[in-house]
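Report on the following structure.
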Amino acid sequence: MQLYNTLSARERAALIEEAGQERLTISFYKYAHIGNPKIFRNHLFITWNELDVLGRIYVANEGINAQLSVPAENFEAFKEHLDSISFLENVRLNIAIEQDNMSFLKLKVKVRHKIVADGLNDATFDVTNKGVHVGAEKFNELIEDPDTILVDMRNHYESEIGHFKNAITPDVDTFRDSLDIIEQDLSEHKEDKKLVMYCTGGIRCEKASAYYKHKGFKQVYQLEGGIIDYTRQVQNKNLENKFLGKNFVFDHRRSERISDDIISNCHQCGKPCDTHVNCANEACHLLFIQCDECAAQMDNCCSDDCKKVNALPYEEQKKLRKGKGASNKIFKKGRSEVLKFKQ
């Protein structure tokens, strides 16, 4: 019974290119009570590996969170398998606005304590007691209401390149950081304001909406399907697009352009730019915004020190990394003293 990948990312990429077949990038989530996440994980891996599904999937007692890529020709079989699982029948699938056959190169199905890390240890908090889901049209109406407070539930490096007009964008590194900050900042409006939230695909908002209801907020709403489905509804229904810039995504594409607005700057020179890259020095791998000119000048690195390391022969770079843990900068996305124009 195979429960692991037999091909490297490079080998898989070569096979995908050689096949020349269209793949669909999809995301979905579902909060549910899963009794044995490990058995469920194994079942998913065995079935999806046969369908050539690739991606990053988290399973926990509280549900499933999946970002994946599936061959277009296998989509119906994949959907049939989802529908055969009681709590996933007719689950909403967010299909990417911009497709890329290389969005994922391995199948990783992992058992986690939670599908969205929240730092909460409150046994009285019920994640299924969620707020009101609204579609794009109702969402547009709500965010024009003066009695609405609109909150972006994503991290700073996501909202930096794109967000809705007039949204509060907390300067946080993780979802767990935002929960208490938002409650504290908005505590005086628990009774009189509509709290409207959005995120990439809806999973963080759904947990946040339940949390804020638990904390006493009376009018809690979330954007159904997140920015991904909002964009599709705007296009299909010819609605006004109130999102500015790009939507950050957690795969090799890094983002999807939603509007032509560029609302962020190159972290190295300050010119308008919204292209996220990772530092070419593998010992750093810092995620930051870099324009084409700075990429050429800095050899795709975030600093002169990384540029020097990256210029060394690969084997020498490996020796320098040997015995050292991953740099904390990997987890402090876009936060480094070497980035002069990080806002």
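In the structure tokens, each chain is lettered A, B, ... as it comes, each chain's residues begin at 1, and ligands are numbered from 1 in order of appearance.
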List every residue of segment 22-210 of chain A that DSSP, applied to the backbone, labels as helix (DSSP H, G or I), and write the result as a short mmCIF file (atom, residue, chain, number, x, y, z; two decimals) with all heavy atoms, in the first residue's frame.
data_model
loop_
_atom_site.label_atom_id
_atom_site.label_comp_id
_atom_site.auth_asym_id
_atom_site.auth_seq_id
_atom_site.Cartn_x
_atom_site.Cartn_y
_atom_site.Cartn_z
N PRO A 37 -8.71 10.89 11.98
CA PRO A 37 -8.11 11.60 10.85
C PRO A 37 -7.03 10.79 10.13
O PRO A 37 -6.86 10.94 8.91
CB PRO A 37 -7.50 12.85 11.51
CG PRO A 37 -8.29 13.04 12.75
CD PRO A 37 -8.60 11.66 13.24
N LYS A 38 -6.30 9.93 10.84
CA LYS A 38 -5.23 9.17 10.20
C LYS A 38 -5.80 8.19 9.17
O LYS A 38 -5.28 8.07 8.05
CB LYS A 38 -4.41 8.42 11.25
CG LYS A 38 -3.20 7.70 10.65
CD LYS A 38 -2.34 7.07 11.73
CE LYS A 38 -1.13 6.37 11.09
NZ LYS A 38 -0.26 5.74 12.12
N ILE A 39 -6.85 7.46 9.54
CA ILE A 39 -7.47 6.53 8.59
C ILE A 39 -8.05 7.29 7.41
O ILE A 39 -7.91 6.88 6.25
CB ILE A 39 -8.57 5.70 9.29
CG1 ILE A 39 -7.95 4.74 10.30
CG2 ILE A 39 -9.42 4.95 8.27
CD1 ILE A 39 -8.97 3.95 11.10
N PHE A 40 -8.68 8.44 7.68
CA PHE A 40 -9.24 9.26 6.61
C PHE A 40 -8.13 9.76 5.69
O PHE A 40 -8.28 9.76 4.46
CB PHE A 40 -10.00 10.43 7.22
CG PHE A 40 -10.72 11.28 6.21
CD1 PHE A 40 -11.63 10.73 5.32
CD2 PHE A 40 -10.50 12.65 6.16
CE1 PHE A 40 -12.30 11.52 4.39
CE2 PHE A 40 -11.16 13.45 5.24
CZ PHE A 40 -12.06 12.88 4.35
N ARG A 41 -7.01 10.16 6.28
CA ARG A 41 -5.87 10.63 5.50
C ARG A 41 -5.39 9.55 4.54
O ARG A 41 -5.14 9.78 3.35
CB ARG A 41 -4.75 11.05 6.44
CG ARG A 41 -3.47 11.49 5.74
CD ARG A 41 -2.44 10.37 5.62
NE ARG A 41 -1.32 10.80 4.81
CZ ARG A 41 -0.48 10.00 4.19
NH1 ARG A 41 -0.66 8.69 4.26
NH2 ARG A 41 0.51 10.47 3.47
N ASN A 42 -5.23 8.33 5.06
CA ASN A 42 -4.75 7.23 4.23
C ASN A 42 -5.70 6.92 3.08
O ASN A 42 -5.28 6.67 1.95
CB ASN A 42 -4.55 5.98 5.09
CG ASN A 42 -3.44 6.14 6.11
OD1 ASN A 42 -2.66 7.08 6.05
ND2 ASN A 42 -3.38 5.23 7.07
N HIS A 43 -6.98 6.96 3.37
CA HIS A 43 -7.99 6.72 2.34
C HIS A 43 -7.88 7.76 1.22
O HIS A 43 -7.92 7.41 0.03
CB HIS A 43 -9.38 6.76 2.96
CG HIS A 43 -10.50 6.77 1.97
ND1 HIS A 43 -10.78 5.70 1.14
CD2 HIS A 43 -11.40 7.75 1.64
CE1 HIS A 43 -11.80 6.00 0.36
NE2 HIS A 43 -12.19 7.23 0.64
N LEU A 44 -7.74 9.02 1.59
CA LEU A 44 -7.62 10.08 0.59
C LEU A 44 -6.37 9.90 -0.25
O LEU A 44 -6.41 10.02 -1.48
CB LEU A 44 -7.59 11.45 1.27
CG LEU A 44 -8.86 11.92 1.97
CD1 LEU A 44 -8.67 13.31 2.54
CD2 LEU A 44 -10.07 11.88 1.04
N PHE A 45 -5.24 9.61 0.40
CA PHE A 45 -3.99 9.50 -0.34
C PHE A 45 -4.07 8.37 -1.37
O PHE A 45 -3.70 8.54 -2.54
CB PHE A 45 -2.81 9.27 0.60
CG PHE A 45 -1.47 9.41 -0.09
CD1 PHE A 45 -0.75 10.57 0.00
CD2 PHE A 45 -0.96 8.37 -0.86
CE1 PHE A 45 0.47 10.71 -0.65
CE2 PHE A 45 0.26 8.49 -1.52
CZ PHE A 45 0.97 9.67 -1.41
N ILE A 46 -4.54 7.21 -0.95
CA ILE A 46 -4.61 6.05 -1.86
C ILE A 46 -5.51 6.35 -3.06
O ILE A 46 -5.13 6.10 -4.21
CB ILE A 46 -5.11 4.81 -1.10
CG1 ILE A 46 -4.07 4.37 -0.05
CG2 ILE A 46 -5.41 3.67 -2.06
CD1 ILE A 46 -4.60 3.35 0.93
N THR A 47 -6.67 6.92 -2.79
CA THR A 47 -7.63 7.19 -3.88
C THR A 47 -7.14 8.30 -4.79
O THR A 47 -7.17 8.18 -6.03
CB THR A 47 -9.00 7.56 -3.30
OG1 THR A 47 -9.43 6.54 -2.39
CG2 THR A 47 -10.02 7.71 -4.41
N TRP A 48 -6.67 9.40 -4.21
CA TRP A 48 -6.27 10.55 -5.02
C TRP A 48 -4.97 10.30 -5.77
O TRP A 48 -4.76 10.85 -6.85
CB TRP A 48 -6.19 11.78 -4.15
CG TRP A 48 -7.53 12.24 -3.68
CD1 TRP A 48 -8.74 11.71 -4.02
CD2 TRP A 48 -7.81 13.31 -2.78
NE1 TRP A 48 -9.75 12.39 -3.40
CE2 TRP A 48 -9.22 13.38 -2.64
CE3 TRP A 48 -7.02 14.22 -2.09
CZ2 TRP A 48 -9.84 14.32 -1.82
CZ3 TRP A 48 -7.63 15.16 -1.29
CH2 TRP A 48 -9.03 15.21 -1.14
N ASN A 49 -4.10 9.49 -5.20
CA ASN A 49 -2.85 9.16 -5.91
C ASN A 49 -3.17 8.43 -7.22
O ASN A 49 -2.51 8.65 -8.25
CB ASN A 49 -1.96 8.30 -5.02
CG ASN A 49 -0.58 8.09 -5.61
OD1 ASN A 49 0.13 9.05 -5.90
ND2 ASN A 49 -0.20 6.84 -5.79
N GLU A 50 -4.20 7.58 -7.19
CA GLU A 50 -4.62 6.87 -8.41
C GLU A 50 -5.18 7.83 -9.46
O GLU A 50 -5.11 7.55 -10.66
CB GLU A 50 -5.69 5.82 -8.05
CG GLU A 50 -5.16 4.63 -7.29
CD GLU A 50 -4.21 3.77 -8.13
OE1 GLU A 50 -4.52 3.58 -9.33
OE2 GLU A 50 -3.19 3.32 -7.60
N ALA A 72 -7.71 17.58 -15.71
CA ALA A 72 -9.08 17.91 -16.11
C ALA A 72 -9.87 16.66 -16.48
O ALA A 72 -11.06 16.55 -16.17
CB ALA A 72 -9.05 18.90 -17.27
N GLU A 73 -9.20 15.71 -17.11
CA GLU A 73 -9.90 14.50 -17.53
C GLU A 73 -10.30 13.61 -16.35
O GLU A 73 -11.16 12.73 -16.50
CB GLU A 73 -9.03 13.69 -18.50
CG GLU A 73 -7.75 13.14 -17.89
CD GLU A 73 -6.93 12.34 -18.90
OE1 GLU A 73 -7.20 12.46 -20.10
OE2 GLU A 73 -6.01 11.62 -18.47
N ASN A 74 -9.72 13.84 -15.18
CA ASN A 74 -10.06 13.07 -13.98
C ASN A 74 -10.98 13.82 -13.03
O ASN A 74 -11.28 13.33 -11.94
CB ASN A 74 -8.79 12.66 -13.23
CG ASN A 74 -7.97 11.63 -13.98
OD1 ASN A 74 -8.46 11.01 -14.93
ND2 ASN A 74 -6.72 11.46 -13.60
N PHE A 75 -11.40 15.02 -13.43
CA PHE A 75 -12.19 15.85 -12.51
C PHE A 75 -13.48 15.17 -12.09
O PHE A 75 -13.85 15.19 -10.91
CB PHE A 75 -12.49 17.21 -13.13
CG PHE A 75 -13.38 18.06 -12.28
CD1 PHE A 75 -12.87 18.71 -11.15
CD2 PHE A 75 -14.74 18.21 -12.55
CE1 PHE A 75 -13.68 19.48 -10.34
CE2 PHE A 75 -15.57 18.97 -11.75
CZ PHE A 75 -15.03 19.61 -10.64
N GLU A 76 -14.21 14.58 -13.04
CA GLU A 76 -15.49 13.96 -12.70
C GLU A 76 -15.30 12.80 -11.72
O GLU A 76 -16.10 12.63 -10.78
CB GLU A 76 -16.20 13.48 -13.97
CG GLU A 76 -16.73 14.61 -14.84
CD GLU A 76 -17.69 15.52 -14.11
OE1 GLU A 76 -18.46 15.01 -13.26
OE2 GLU A 76 -17.67 16.75 -14.36
N ALA A 77 -14.25 12.01 -11.93
CA ALA A 77 -13.97 10.89 -11.01
C ALA A 77 -13.60 11.43 -9.63
O ALA A 77 -14.00 10.87 -8.59
CB ALA A 77 -12.84 10.03 -11.56
N PHE A 78 -12.86 12.52 -9.61
CA PHE A 78 -12.48 13.15 -8.34
C PHE A 78 -13.74 13.66 -7.62
O PHE A 78 -13.91 13.43 -6.41
CB PHE A 78 -11.52 14.30 -8.61
CG PHE A 78 -11.20 15.16 -7.42
CD1 PHE A 78 -10.37 14.68 -6.41
CD2 PHE A 78 -11.73 16.43 -7.30
CE1 PHE A 78 -10.08 15.46 -5.30
CE2 PHE A 78 -11.45 17.21 -6.19
CZ PHE A 78 -10.62 16.72 -5.20
N LYS A 79 -14.62 14.32 -8.36
CA LYS A 79 -15.84 14.85 -7.77
C LYS A 79 -16.74 13.71 -7.27
O LYS A 79 -17.35 13.82 -6.19
CB LYS A 79 -16.60 15.68 -8.82
CG LYS A 79 -17.89 16.31 -8.32
CD LYS A 79 -17.61 17.36 -7.26
CE LYS A 79 -18.85 18.20 -6.94
NZ LYS A 79 -19.97 17.45 -6.38
N GLU A 80 -16.81 12.63 -8.00
CA GLU A 80 -17.61 11.47 -7.56
C GLU A 80 -17.07 10.92 -6.24
O GLU A 80 -17.84 10.52 -5.36
CB GLU A 80 -17.59 10.38 -8.63
CG GLU A 80 -18.46 10.69 -9.84
CD GLU A 80 -18.39 9.59 -10.88
OE1 GLU A 80 -17.85 8.50 -10.56
OE2 GLU A 80 -18.85 9.81 -12.02
N HIS A 81 -15.75 10.90 -6.11
CA HIS A 81 -15.18 10.41 -4.85
C HIS A 81 -15.54 11.33 -3.69
O HIS A 81 -15.90 10.86 -2.60
CB HIS A 81 -13.66 10.27 -4.97
CG HIS A 81 -13.02 9.85 -3.68
ND1 HIS A 81 -12.23 10.69 -2.94
CD2 HIS A 81 -13.10 8.69 -2.98
CE1 HIS A 81 -11.84 10.05 -1.85
NE2 HIS A 81 -12.35 8.84 -1.85
N LEU A 82 -15.45 12.64 -3.91
CA LEU A 82 -15.84 13.57 -2.86
C LEU A 82 -17.30 13.36 -2.45
O LEU A 82 -17.63 13.32 -1.27
CB LEU A 82 -15.65 15.02 -3.32
CG LEU A 82 -14.23 15.55 -3.47
CD1 LEU A 82 -14.26 17.01 -3.90
CD2 LEU A 82 -13.44 15.40 -2.18
N ASP A 83 -18.17 13.20 -3.45
CA ASP A 83 -19.59 13.03 -3.16
C ASP A 83 -19.90 11.72 -2.46
O ASP A 83 -20.96 11.58 -1.84
CB ASP A 83 -20.40 13.12 -4.46
CG ASP A 83 -20.45 14.54 -5.01
OD1 ASP A 83 -20.19 15.48 -4.24
OD2 ASP A 83 -20.76 14.70 -6.21
N SER A 86 -19.82 11.35 3.00
CA SER A 86 -21.06 12.00 3.44
C SER A 86 -20.90 13.50 3.68
O SER A 86 -21.68 14.30 3.18
CB SER A 86 -21.61 11.31 4.69
OG SER A 86 -20.66 11.34 5.74
N PHE A 87 -19.90 13.91 4.44
CA PHE A 87 -19.80 15.33 4.79
C PHE A 87 -19.16 16.18 3.69
O PHE A 87 -19.12 17.41 3.81
CB PHE A 87 -19.05 15.52 6.13
CG PHE A 87 -17.58 15.23 6.08
CD1 PHE A 87 -16.67 16.24 5.78
CD2 PHE A 87 -17.11 13.97 6.36
CE1 PHE A 87 -15.31 15.97 5.75
CE2 PHE A 87 -15.75 13.69 6.33
CZ PHE A 87 -14.84 14.71 6.02
N LEU A 88 -18.70 15.53 2.61
CA LEU A 88 -18.13 16.28 1.48
C LEU A 88 -19.03 16.27 0.25
O LEU A 88 -18.66 16.83 -0.79
CB LEU A 88 -16.75 15.71 1.11
CG LEU A 88 -15.63 15.91 2.14
CD1 LEU A 88 -14.33 15.30 1.65
CD2 LEU A 88 -15.44 17.39 2.45
N ALA A 136 -21.40 37.51 -3.61
CA ALA A 136 -20.73 38.73 -4.05
C ALA A 136 -21.67 39.94 -4.07
O ALA A 136 -21.30 41.04 -3.65
CB ALA A 136 -20.12 38.50 -5.42
N GLU A 137 -22.90 39.75 -4.56
CA GLU A 137 -23.83 40.88 -4.68
C GLU A 137 -24.20 41.44 -3.32
O GLU A 137 -24.15 42.66 -3.10
CB GLU A 137 -25.08 40.43 -5.44
CG GLU A 137 -26.02 41.56 -5.81
CD GLU A 137 -27.11 41.11 -6.76
OE1 GLU A 137 -27.18 39.91 -7.09
OE2 GLU A 137 -27.91 42.00 -7.17
N LYS A 138 -24.57 40.56 -2.39
CA LYS A 138 -24.91 41.01 -1.03
C LYS A 138 -23.68 41.58 -0.33
O LYS A 138 -23.78 42.58 0.41
CB LYS A 138 -25.48 39.83 -0.24
CG LYS A 138 -25.87 40.17 1.19
CD LYS A 138 -26.99 41.20 1.25
CE LYS A 138 -27.43 41.45 2.68
NZ LYS A 138 -28.51 42.46 2.78
N PHE A 139 -22.52 40.99 -0.57
CA PHE A 139 -21.28 41.48 0.03
C PHE A 139 -21.02 42.92 -0.42
O PHE A 139 -20.67 43.78 0.40
CB PHE A 139 -20.12 40.57 -0.40
CG PHE A 139 -18.78 40.97 0.13
CD1 PHE A 139 -18.38 40.62 1.41
CD2 PHE A 139 -17.89 41.67 -0.67
CE1 PHE A 139 -17.13 40.98 1.90
CE2 PHE A 139 -16.64 42.03 -0.19
CZ PHE A 139 -16.25 41.69 1.09
N ASN A 140 -21.19 43.19 -1.72
CA ASN A 140 -21.00 44.56 -2.22
C ASN A 140 -21.94 45.54 -1.54
O ASN A 140 -21.57 46.69 -1.25
CB ASN A 140 -21.20 44.60 -3.73
CG ASN A 140 -19.98 44.11 -4.50
OD1 ASN A 140 -18.94 43.79 -3.92
ND2 ASN A 140 -20.11 44.04 -5.81
N GLU A 141 -23.17 45.11 -1.29
CA GLU A 141 -24.14 45.97 -0.60
C GLU A 141 -23.71 46.23 0.84
O GLU A 141 -23.74 47.37 1.32
CB GLU A 141 -25.52 45.32 -0.61
CG GLU A 141 -26.19 45.23 -1.97
CD GLU A 141 -27.53 44.51 -1.89
OE1 GLU A 141 -28.01 44.28 -0.75
OE2 GLU A 141 -28.07 44.15 -2.94
N LEU A 142 -23.30 45.16 1.51
CA LEU A 142 -22.92 45.28 2.93
C LEU A 142 -21.75 46.22 3.13
O LEU A 142 -21.73 47.02 4.07
CB LEU A 142 -22.59 43.90 3.49
CG LEU A 142 -23.75 43.01 3.93
CD1 LEU A 142 -23.26 41.61 4.24
CD2 LEU A 142 -24.45 43.62 5.14
N HIS A 156 -0.37 39.90 6.64
CA HIS A 156 0.09 41.16 6.06
C HIS A 156 0.62 41.01 4.64
O HIS A 156 0.40 41.86 3.78
CB HIS A 156 1.18 41.79 6.94
CG HIS A 156 2.49 41.05 6.93
ND1 HIS A 156 3.51 41.36 6.06
CD2 HIS A 156 2.94 40.01 7.66
CE1 HIS A 156 4.53 40.54 6.27
NE2 HIS A 156 4.21 39.72 7.24
N TYR A 157 1.33 39.90 4.36
CA TYR A 157 1.92 39.75 3.03
C TYR A 157 0.87 39.41 1.98
O TYR A 157 1.10 39.59 0.79
CB TYR A 157 3.02 38.68 3.05
CG TYR A 157 2.60 37.33 3.58
CD1 TYR A 157 2.07 36.36 2.74
CD2 TYR A 157 2.72 37.04 4.94
CE1 TYR A 157 1.67 35.12 3.24
CE2 TYR A 157 2.33 35.80 5.44
CZ TYR A 157 1.81 34.86 4.59
OH TYR A 157 1.41 33.64 5.08
N GLU A 158 -0.32 38.95 2.43
CA GLU A 158 -1.42 38.70 1.50
C GLU A 158 -2.17 40.00 1.18
O GLU A 158 -2.37 40.33 0.01
CB GLU A 158 -2.39 37.68 2.11
CG GLU A 158 -1.79 36.32 2.40
CD GLU A 158 -2.75 35.43 3.16
OE1 GLU A 158 -3.65 34.88 2.50
OE2 GLU A 158 -2.62 35.30 4.39
N SER A 159 -2.58 40.71 2.22
CA SER A 159 -3.35 41.94 2.01
C SER A 159 -2.51 43.05 1.41
O SER A 159 -3.04 43.98 0.80
CB SER A 159 -3.97 42.42 3.32
OG SER A 159 -2.98 42.70 4.29
N PHE A 175 -2.93 33.85 11.27
CA PHE A 175 -4.36 33.95 11.59
C PHE A 175 -4.57 34.04 13.09
O PHE A 175 -5.40 34.83 13.57
CB PHE A 175 -5.07 32.73 11.01
CG PHE A 175 -6.52 32.61 11.38
CD1 PHE A 175 -7.46 33.48 10.86
CD2 PHE A 175 -6.95 31.60 12.24
CE1 PHE A 175 -8.81 33.37 11.19
CE2 PHE A 175 -8.29 31.47 12.56
CZ PHE A 175 -9.22 32.36 12.04
N ARG A 176 -3.83 33.26 13.84
CA ARG A 176 -4.03 33.24 15.30
C ARG A 176 -3.73 34.60 15.90
O ARG A 176 -4.33 34.99 16.91
CB ARG A 176 -3.18 32.15 15.95
CG ARG A 176 -1.70 32.43 15.99
CD ARG A 176 -0.95 31.31 16.70
NE ARG A 176 -0.97 30.09 15.93
CZ ARG A 176 -0.55 28.92 16.41
NH1 ARG A 176 -0.10 28.83 17.65
NH2 ARG A 176 -0.57 27.84 15.65
N ASP A 177 -2.78 35.35 15.30
CA ASP A 177 -2.45 36.69 15.80
C ASP A 177 -3.63 37.64 15.64
O ASP A 177 -3.81 38.57 16.43
CB ASP A 177 -1.25 37.26 15.05
CG ASP A 177 0.04 36.51 15.32
OD1 ASP A 177 0.14 35.88 16.39
OD2 ASP A 177 0.94 36.54 14.47
N SER A 178 -4.42 37.45 14.57
CA SER A 178 -5.46 38.42 14.25
C SER A 178 -6.69 38.31 15.15
O SER A 178 -7.38 39.31 15.36
CB SER A 178 -5.89 38.26 12.78
OG SER A 178 -6.52 37.02 12.57
N LEU A 179 -7.00 37.14 15.67
CA LEU A 179 -8.26 36.93 16.38
C LEU A 179 -8.44 37.86 17.57
O LEU A 179 -9.45 38.58 17.67
CB LEU A 179 -8.38 35.46 16.82
CG LEU A 179 -8.56 34.44 15.71
CD1 LEU A 179 -8.53 33.03 16.28
CD2 LEU A 179 -9.87 34.68 14.95
N ASP A 180 -7.47 37.88 18.47
CA ASP A 180 -7.60 38.72 19.66
C ASP A 180 -7.46 40.20 19.33
O ASP A 180 -8.12 41.05 19.95
CB ASP A 180 -6.55 38.32 20.71
CG ASP A 180 -6.86 36.97 21.34
OD1 ASP A 180 -8.02 36.54 21.27
OD2 ASP A 180 -5.93 36.34 21.89
N ILE A 181 -6.58 40.52 18.37
CA ILE A 181 -6.37 41.92 18.00
C ILE A 181 -7.66 42.54 17.48
O ILE A 181 -8.06 43.64 17.87
CB ILE A 181 -5.26 42.04 16.93
CG1 ILE A 181 -3.90 41.69 17.54
CG2 ILE A 181 -5.22 43.44 16.33
CD1 ILE A 181 -2.77 41.63 16.53
N ILE A 182 -8.34 41.82 16.59
CA ILE A 182 -9.58 42.33 16.01
C ILE A 182 -10.66 42.45 17.07
O ILE A 182 -11.39 43.45 17.13
CB ILE A 182 -10.05 41.43 14.85
CG1 ILE A 182 -9.06 41.54 13.68
CG2 ILE A 182 -11.45 41.80 14.40
CD1 ILE A 182 -9.28 40.50 12.61
N GLU A 183 -10.77 41.44 17.94
CA GLU A 183 -11.79 41.52 19.00
C GLU A 183 -11.55 42.73 19.89
O GLU A 183 -12.49 43.46 20.24
CB GLU A 183 -11.78 40.25 19.85
CG GLU A 183 -12.92 40.25 20.86
CD GLU A 183 -12.71 39.29 22.02
OE1 GLU A 183 -11.70 38.58 22.04
OE2 GLU A 183 -13.58 39.27 22.91
N GLN A 184 -10.30 42.97 20.25
CA GLN A 184 -9.97 44.10 21.12
C GLN A 184 -10.27 45.43 20.42
O GLN A 184 -10.88 46.33 21.02
CB GLN A 184 -8.49 44.03 21.51
CG GLN A 184 -8.06 45.14 22.45
CD GLN A 184 -6.61 44.99 22.87
OE1 GLN A 184 -5.96 44.00 22.55
NE2 GLN A 184 -6.09 45.98 23.57
N ASP A 185 -9.86 45.55 19.16
CA ASP A 185 -10.04 46.81 18.43
C ASP A 185 -11.51 47.12 18.16
O ASP A 185 -11.89 48.29 18.06
CB ASP A 185 -9.28 46.77 17.10
CG ASP A 185 -7.77 46.81 17.28
OD1 ASP A 185 -7.33 47.08 18.41
OD2 ASP A 185 -7.05 46.57 16.30
N SER A 187 -14.20 45.84 20.00
CA SER A 187 -15.03 45.40 21.14
C SER A 187 -16.21 46.33 21.41
O SER A 187 -17.28 45.87 21.84
CB SER A 187 -14.17 45.29 22.40
OG SER A 187 -13.56 46.54 22.71
N GLU A 188 -16.08 47.62 21.15
CA GLU A 188 -17.17 48.56 21.44
C GLU A 188 -18.29 48.49 20.40
O GLU A 188 -19.32 49.13 20.55
CB GLU A 188 -16.63 49.99 21.52
CG GLU A 188 -16.06 50.51 20.22
CD GLU A 188 -15.44 51.90 20.40
OE1 GLU A 188 -14.47 52.02 21.18
OE2 GLU A 188 -15.95 52.83 19.77
N HIS A 189 -18.08 47.70 19.33
CA HIS A 189 -19.08 47.62 18.27
C HIS A 189 -19.75 46.25 18.19
O HIS A 189 -20.35 45.91 17.17
CB HIS A 189 -18.44 47.94 16.92
CG HIS A 189 -17.87 49.32 16.84
ND1 HIS A 189 -18.66 50.44 16.97
CD2 HIS A 189 -16.60 49.76 16.64
CE1 HIS A 189 -17.89 51.53 16.85
NE2 HIS A 189 -16.65 51.13 16.66
N ILE A 203 -12.13 29.65 4.49
CA ILE A 203 -11.90 28.77 5.64
C ILE A 203 -11.55 29.54 6.91
O ILE A 203 -12.03 29.22 8.00
CB ILE A 203 -10.83 27.71 5.32
CG1 ILE A 203 -10.72 26.71 6.47
CG2 ILE A 203 -9.48 28.34 5.00
CD1 ILE A 203 -9.87 25.50 6.13
N ARG A 204 -10.73 30.57 6.78
CA ARG A 204 -10.35 31.34 7.97
C ARG A 204 -11.54 32.17 8.47
O ARG A 204 -11.77 32.28 9.69
CB ARG A 204 -9.15 32.24 7.65
CG ARG A 204 -7.85 31.47 7.58
CD ARG A 204 -6.67 32.33 7.15
NE ARG A 204 -6.65 32.55 5.70
CZ ARG A 204 -5.65 33.16 5.06
NH1 ARG A 204 -4.61 33.63 5.73
NH2 ARG A 204 -5.69 33.31 3.75
N CYS A 205 -12.31 32.74 7.54
CA CYS A 205 -13.48 33.53 7.93
C CYS A 205 -14.52 32.69 8.65
O CYS A 205 -15.19 33.17 9.56
CB CYS A 205 -14.12 34.15 6.70
SG CYS A 205 -13.17 35.50 6.01
N GLU A 206 -14.68 31.46 8.21
CA GLU A 206 -15.70 30.61 8.82
C GLU A 206 -15.36 30.35 10.29
O GLU A 206 -16.24 30.43 11.16
CB GLU A 206 -15.84 29.29 8.05
CG GLU A 206 -16.99 28.45 8.55
CD GLU A 206 -17.65 27.64 7.45
OE1 GLU A 206 -17.69 28.10 6.31
OE2 GLU A 206 -18.13 26.55 7.76
N LYS A 207 -14.11 30.05 10.56
CA LYS A 207 -13.71 29.85 11.96
C LYS A 207 -13.80 31.17 12.72
O LYS A 207 -14.28 31.21 13.88
CB LYS A 207 -12.29 29.29 12.03
CG LYS A 207 -11.80 29.11 13.46
CD LYS A 207 -10.51 28.33 13.55
CE LYS A 207 -10.75 26.84 13.43
NZ LYS A 207 -9.55 26.04 13.78
N ALA A 208 -13.36 32.27 12.10
CA ALA A 208 -13.41 33.57 12.76
C ALA A 208 -14.84 34.00 13.04
O ALA A 208 -15.13 34.57 14.10
CB ALA A 208 -12.70 34.62 11.90
N SER A 209 -15.76 33.73 12.12
CA SER A 209 -17.14 34.14 12.33
C SER A 209 -17.74 33.41 13.54
O SER A 209 -18.46 34.01 14.35
CB SER A 209 -17.98 33.89 11.08
OG SER A 209 -18.21 32.51 10.86
N ALA A 210 -17.43 32.13 13.65
CA ALA A 210 -17.91 31.36 14.82
C ALA A 210 -17.28 31.90 16.11
O ALA A 210 -17.94 32.00 17.15
CB ALA A 210 -17.60 29.89 14.63
#
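Excluding Asn310 of chain A itself and same-chain residues fewer than 3 positions from it, the residues having an atom within 8 Å of it are A:Ala280, A:Asn281, A:Cys301, A:Cys306, A:Lys307, A:Pro313, A:Gln317, counting only C-alpha atoms.
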If you take only C-alpha atoms and a cut-off of 8 Å, which residues of segment 44-132 of chain A touch segment 216-231 of chain A, and what are their nearest atom pairs and distances in Å to one decimal, in chain and number order, as JSON lines?
{"residue": "A:Arg92", "atom": "CA", "partner": "A:Gly225", "partner_atom": "CA", "distance": 7.7}
{"residue": "A:Asn94", "atom": "CA", "partner": "A:Asp229", "partner_atom": "CA", "distance": 6.3}
{"residue": "A:Ile95", "atom": "CA", "partner": "A:Ile228", "partner_atom": "CA", "distance": 7.8}
{"residue": "A:Ala96", "atom": "CA", "partner": "A:Ile228", "partner_atom": "CA", "distance": 6.9}
{"residue": "A:Ile97", "atom": "CA", "partner": "A:Ile228", "partner_atom": "CA", "distance": 7.1}
{"residue": "A:Gly131", "atom": "CA", "partner": "A:Val220", "partner_atom": "CA", "distance": 5.1}
{"residue": "A:Val132", "atom": "CA", "partner": "A:Tyr221", "partner_atom": "CA", "distance": 4.6}
Quick one, how far is atom CA of Leu320 of chain A from atom CA of Phe288 of chain A? 22.9 Å
Of the candidates A:Asn90, A:Lys106, A:Ala311, A:Leu286, which one gets nearest to Met298 of chain A if we count only C-alpha atoms? A:Ala311
Extract, using only C-alpha atoms, all DNA, RNA and protein residues at most 6 Å from segment 107-119 of chain A, discarding same-chain residues fewer than 4 positions from it, and format them as a PyMOL selection string. chain A and resi 54-60+65+176
Please measure the separation of atom CA of Lys130 of chain A and atom CA of Gly162 of chain A, giving the value in Å to one decimal. 25.5 Å
Give me every strand (DSSP E) residue in segment 82-303 of chain A, going by DSSP on the backbone, as a ChimeraX atom specification. /A:94-95,107-111,132-134,148-152,162-164,194-198,219-223,243-248,255-257,276-278,287-289
For Asp251 of chain A: contacts at 10 Å, only C-alpha atoms, fewer than 6 positions along chain excluded, given as a ChimeraX atom specification: /A:25,55-56,67-69,100,102-105
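Of the residues listed (A:Asp260, A:Ala283, A:Leu7, A:Lys340), A:Ala283 shows the shortest atom-to-atom separation from Lys319 of chain A; distances use only C-alpha atoms.
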Which residue, A:Asn36, A:Asn278, A:Ser8, A:Gln21, has the smallest gap to His252 of chain A when you use only C-alpha atoms?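 With only C-alpha atoms as the atom set, the closest residue is A:Asn278.
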